[in-house]
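To be precise, the following lines are run-v2.txt, and they hold compact mmCIF, C-alpha atoms.
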```
# COMPACT_ATOMS: atom_id res chain seq x y z
CA MET I 1 6.27 -4.75 -5.27
CA GLY I 2 9.32 -4.84 -7.51
CA ASP I 3 7.84 -2.39 -10.05
CA LYS I 4 10.16 0.60 -10.00
CA THR I 5 8.17 2.58 -12.56
CA PHE I 6 4.86 2.80 -10.72
CA TYR I 7 5.02 5.02 -7.60
CA GLY I 8 7.25 8.05 -7.19
CA PRO I 9 8.09 11.49 -8.60
CA GLY I 10 6.99 11.62 -12.24
CA LEU I 11 5.92 7.97 -12.33
CA THR I 12 2.52 6.34 -12.93
CA VAL I 13 1.37 7.59 -9.53
CA ASP I 14 3.20 10.92 -9.40
CA THR I 15 3.98 11.65 -5.76
CA LYS I 16 4.70 15.29 -6.57
CA LYS I 17 1.00 15.81 -7.22
CA LYS I 18 -2.16 15.33 -5.16
CA PHE I 19 -3.66 11.85 -5.37
CA THR I 20 -6.28 9.70 -3.70
CA VAL I 21 -5.48 6.34 -2.13
CA VAL I 22 -8.32 3.83 -1.99
CA THR I 23 -8.06 0.65 0.08
CA GLN I 24 -10.70 -2.01 -0.45
CA PHE I 25 -11.34 -4.78 2.06
CA ILE I 26 -13.03 -7.67 0.27
CA SER I 27 -14.91 -10.41 2.08
CA SER I 28 -15.55 -14.06 1.32
CA ASP I 29 -19.30 -13.70 0.82
CA GLY I 30 -19.80 -10.12 -0.33
CA THR I 31 -21.09 -8.91 3.03
CA ALA I 32 -19.61 -6.98 5.93
CA SER I 33 -19.90 -10.10 8.09
CA GLY I 34 -17.85 -12.37 5.83
CA ASP I 35 -14.21 -13.29 6.38
CA LEU I 36 -11.59 -10.89 5.06
CA VAL I 37 -9.96 -12.59 2.05
CA GLU I 38 -8.35 -9.75 0.08
CA ILE I 39 -7.07 -6.20 0.48
CA ARG I 40 -6.96 -4.24 -2.78
CA ARG I 41 -5.36 -0.84 -3.41
CA LEU I 42 -6.03 1.65 -6.17
CA TYR I 43 -5.25 5.30 -6.78
CA VAL I 44 -7.03 8.25 -8.38
CA GLN I 45 -4.98 11.10 -9.83
CA ASN I 46 -6.07 13.83 -12.22
CA GLY I 47 -9.44 12.11 -12.50
CA VAL I 48 -7.91 8.83 -13.65
CA VAL I 49 -8.35 5.59 -11.69
CA ILE I 50 -5.03 3.78 -11.51
CA GLN I 51 -5.10 0.09 -10.64
CA ASN I 52 -2.31 -1.22 -8.45
CA SER I 53 0.82 -2.46 -10.18
CA LYS I 54 1.60 -6.16 -10.33
CA THR I 55 4.33 -7.90 -8.39
CA ASN I 56 7.60 -8.02 -10.33
CA VAL I 57 9.76 -10.25 -8.15
CA SER I 58 11.48 -13.39 -9.38
CA GLY I 59 9.80 -16.46 -7.91
CA MET I 60 6.46 -14.74 -7.32
CA SER I 61 3.37 -14.65 -9.49
CA ALA I 62 2.02 -11.30 -10.70
CA TYR I 63 -0.10 -10.41 -7.65
CA ASP I 64 -1.82 -7.02 -7.46
CA SER I 65 -3.52 -7.34 -4.07
CA VAL I 66 -2.94 -8.83 -0.63
CA THR I 67 -4.31 -12.36 -0.25
CA ASP I 68 -3.23 -15.40 1.75
CA ASP I 69 -1.48 -16.75 -1.36
CA PHE I 70 0.38 -13.46 -1.82
CA CYS I 71 1.50 -13.42 1.82
CA ASP I 72 2.72 -17.02 1.64
CA ALA I 73 4.63 -16.40 -1.61
CA GLN I 74 6.22 -13.18 -0.37
CA LYS I 75 7.42 -14.73 2.88
CA SER I 76 8.82 -17.74 1.04
CA VAL I 77 10.72 -15.79 -1.62
CA PHE I 78 11.98 -13.14 0.82
CA GLY I 79 12.95 -15.71 3.45
CA ASP I 80 10.89 -13.89 6.10
CA LYS I 81 9.25 -15.33 9.18
CA THR I 82 5.54 -16.06 8.78
CA GLN I 83 4.50 -13.93 11.72
CA PHE I 84 1.35 -12.58 10.07
CA GLN I 85 0.13 -16.06 9.20
CA ALA I 86 0.97 -17.34 12.69
CA ARG I 87 -1.31 -14.68 14.15
CA GLY I 88 -4.26 -15.68 12.02
CA GLY I 89 -3.56 -13.82 8.78
CA LEU I 90 -6.30 -11.98 6.94
CA THR I 91 -9.10 -13.82 8.73
CA ARG I 92 -7.91 -12.64 12.14
CA MET I 93 -7.29 -9.14 10.82
CA GLY I 94 -10.86 -9.02 9.56
CA GLU I 95 -12.18 -10.12 12.94
CA ALA I 96 -10.21 -7.33 14.60
CA ALA I 97 -11.55 -4.79 12.10
CA LYS I 98 -15.12 -5.79 12.94
CA ASN I 99 -14.38 -4.88 16.55
CA GLY I 100 -13.36 -1.37 15.49
CA MET I 101 -10.03 0.16 14.54
CA ALA I 102 -8.69 3.71 14.56
CA LEU I 103 -7.19 5.05 11.32
CA VAL I 104 -3.90 6.81 12.14
CA MET I 105 -1.86 8.80 9.61
CA SER I 106 1.23 10.80 10.41
CA ILE I 107 4.52 12.24 9.17
CA TRP I 108 7.50 11.14 11.23
CA ASP I 109 11.18 10.27 11.30
CA ASP I 110 12.78 7.08 12.54
CA TYR I 111 15.30 7.00 15.35
CA ALA I 112 15.74 3.22 15.09
CA VAL I 113 16.83 2.60 11.48
CA ASN I 114 16.43 6.00 9.77
CA MET I 115 13.43 4.84 7.73
CA LEU I 116 15.73 2.70 5.58
CA TRP I 117 13.26 -0.19 5.86
CA LEU I 118 10.90 1.91 3.74
CA ASP I 119 12.95 3.49 0.96
CA SER I 120 16.53 2.19 0.91
CA ASN I 121 18.45 -1.09 1.26
CA HIS I 122 17.67 -2.84 4.52
CA PRO I 123 19.40 -4.48 6.26
CA THR I 124 22.19 -2.26 4.98
CA ASN I 125 24.78 -5.05 5.11
CA ALA I 126 22.68 -7.47 3.04
CA ASP I 127 22.95 -8.23 -0.68
CA ALA I 128 20.73 -5.65 -2.40
CA THR I 129 20.11 -8.03 -5.32
CA LYS I 130 18.20 -10.43 -3.08
CA PRO I 131 14.38 -10.07 -2.93
CA GLY I 132 13.19 -7.76 -0.18
CA ILE I 133 16.47 -5.94 0.47
CA ALA I 134 16.19 -3.03 -2.00
CA ARG I 135 13.12 -1.07 -0.93
CA GLY I 136 13.77 2.29 -2.60
CA THR I 137 16.30 4.65 -4.13
CA CYS I 138 17.46 6.49 -1.01
CA SER I 139 21.05 6.17 0.13
CA THR I 140 21.75 3.93 3.12
CA SER I 141 23.30 6.98 4.79
CA SER I 142 20.11 9.02 4.46
CA GLY I 143 17.17 9.55 6.77
CA THR I 144 18.93 10.28 10.04
CA PRO I 145 16.55 12.24 12.29
CA SER I 146 19.17 14.92 12.99
CA ASP I 147 19.53 15.53 9.25
CA VAL I 148 15.78 15.47 8.56
CA GLU I 149 14.91 17.77 11.45
CA THR I 150 17.72 20.23 10.64
CA ASN I 151 17.29 20.44 6.88
CA ALA I 152 13.56 19.88 6.50
CA PRO I 153 12.00 21.19 9.71
CA ASN I 154 8.87 22.45 7.94
CA SER I 155 8.04 19.28 6.01
CA SER I 156 4.32 18.66 5.82
CA VAL I 157 1.64 16.52 4.27
CA THR I 158 -2.09 17.12 4.00
CA TYR I 159 -4.60 14.29 4.50
CA SER I 160 -8.11 15.30 3.49
CA ASN I 161 -11.52 14.08 2.32
CA ILE I 162 -11.24 10.83 4.28
CA ARG I 163 -14.20 8.57 3.53
CA PHE I 164 -15.37 5.05 4.19
CA GLY I 165 -18.26 3.09 2.75
CA GLU I 166 -19.27 0.40 0.29
CA ILE I 167 -16.71 -0.44 -2.38
CA GLY I 168 -16.89 2.04 -5.22
CA SER I 169 -18.59 4.72 -3.14
CA THR I 170 -15.53 6.50 -1.71
CA TYR I 171 -14.02 7.91 -4.89
CA THR I 172 -14.95 9.15 -8.36
CA SER I 173 -13.27 9.23 -11.74
CA THR I 174 -13.72 12.47 -13.68
CA VAL I 175 -12.31 10.88 -16.83
CA PRO I 176 -15.01 8.35 -17.86
CA GLY I 177 -13.86 4.79 -18.44
CA THR I 178 -10.20 5.51 -17.75
CA PHE I 179 -7.94 3.02 -16.05
CA SER I 180 -4.18 3.01 -16.01
CA ALA I 181 -2.29 0.58 -18.23
CA ALA I 182 -0.92 -0.90 -15.02
CA SER I 183 -4.14 -2.91 -14.83
CA SER I 184 -5.15 -5.97 -16.78
CA SER I 185 -7.90 -8.36 -15.78
CA SER I 186 -7.99 -6.65 -12.41
CA SER I 187 -9.35 -3.50 -14.02
CA ALA I 188 -12.88 -4.87 -13.96
CA SER I 189 -15.31 -2.64 -12.14
CA SER I 190 -15.72 -3.09 -8.41
CA SER I 191 -19.24 -4.40 -8.97
CA THR I 192 -17.76 -7.68 -10.19
CA LEU I 193 -15.98 -8.18 -6.90
CA LYS I 194 -17.33 -9.50 -3.64
CA MET I 195 -17.63 -6.41 -1.54
CA HIS I 196 -16.82 -5.63 2.04
CA TRP I 197 -15.94 -1.97 2.56
CA ALA I 198 -13.38 0.59 1.51
CA GLN I 199 -11.69 3.74 2.64
CA GLY I 200 -10.23 6.60 0.63
CA ALA I 201 -8.15 9.67 1.39
CA HIS I 202 -6.52 12.51 -0.55
CA PHE I 203 -2.78 12.98 -0.13
CA ALA I 204 -1.00 16.21 -0.99
CA PRO I 205 2.82 16.47 -0.74
```
Could you show the structure in this file as structure tokens?
Amino acid sequence: MGDKTFYGPGLTVDTKKKFTVVTQFISSDGTASGDLVEIRRLYVQNGVVIQNSKTNVSGMSAYDSVTDDFCDAQKSVFGDKTQFQARGGLTRMGEAAKNGMALVMSIWDDYAVNMLWLDSNHPTNADATKPGIARGTCSTSSGTPSDVETNAPNSSVTYSNIRFGEIGSTYTSTVPGTFSAASSSSSASSSTLKMHWAQGAHFAP
């Protein structure tokens, strides 16, 4: 969040090339029955494990994962409503996950706000210098479904090798001991973390 050099074409995670996304769900007691306390993301590309970038937003600490503290700080600095916290936050999300969830991935366009909430300034009439408004480099006039469907009707993405299991078991690094410079203390091996479970998937543009 706020790091404009990390994810995109030609950046640390190069979205023009195949990469693996790993999401780790970490519990309070290191078991699958503990409360969900952290969601951590990392990437694997060209055999290199890339730790998530750190938050670069004025008024926020340098978070690199989703925790209750991160959620509270983000909502405060962005001036957002605390809807996630009001619904029980990570603890409630973890309880729901234990009941079973379906993983859904898709490619789609947005008839409501043209996907501007994802990769442009949104709301479009807000000050783009304020935290949370600038979300990407796309023009505020881009992303209309008529344009997307006319000019890119054959767009596609491939999701493959989807796995889930104990943390550290769903991906491999073919370059021994390599971690991206985006990591610092968080680059410690997963074995030092309290484990819940993780999922990984390959993405190909």
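Atom CA of Thr67 of chain I is positioned 11.1 Å from atom CA of Gln85 of chain I.
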Checklist line | Given all atoms listed in the file as the counted atoms, nearest of I:Thr124, I:Trp108, I:Thr172, I:Ile133 to Ala152 of chain I | finding: I:Trp108
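Comparing I:Ile162, I:Val57, I:Met115, I:Val49 by their smallest distance to Thr129 of chain I, the closest is I:Val57 (using only C-alpha atoms).
Straight-line separation from atom CA of Ser160 of chain I to atom CA of Ile50 of chain I: 19.2 Å.
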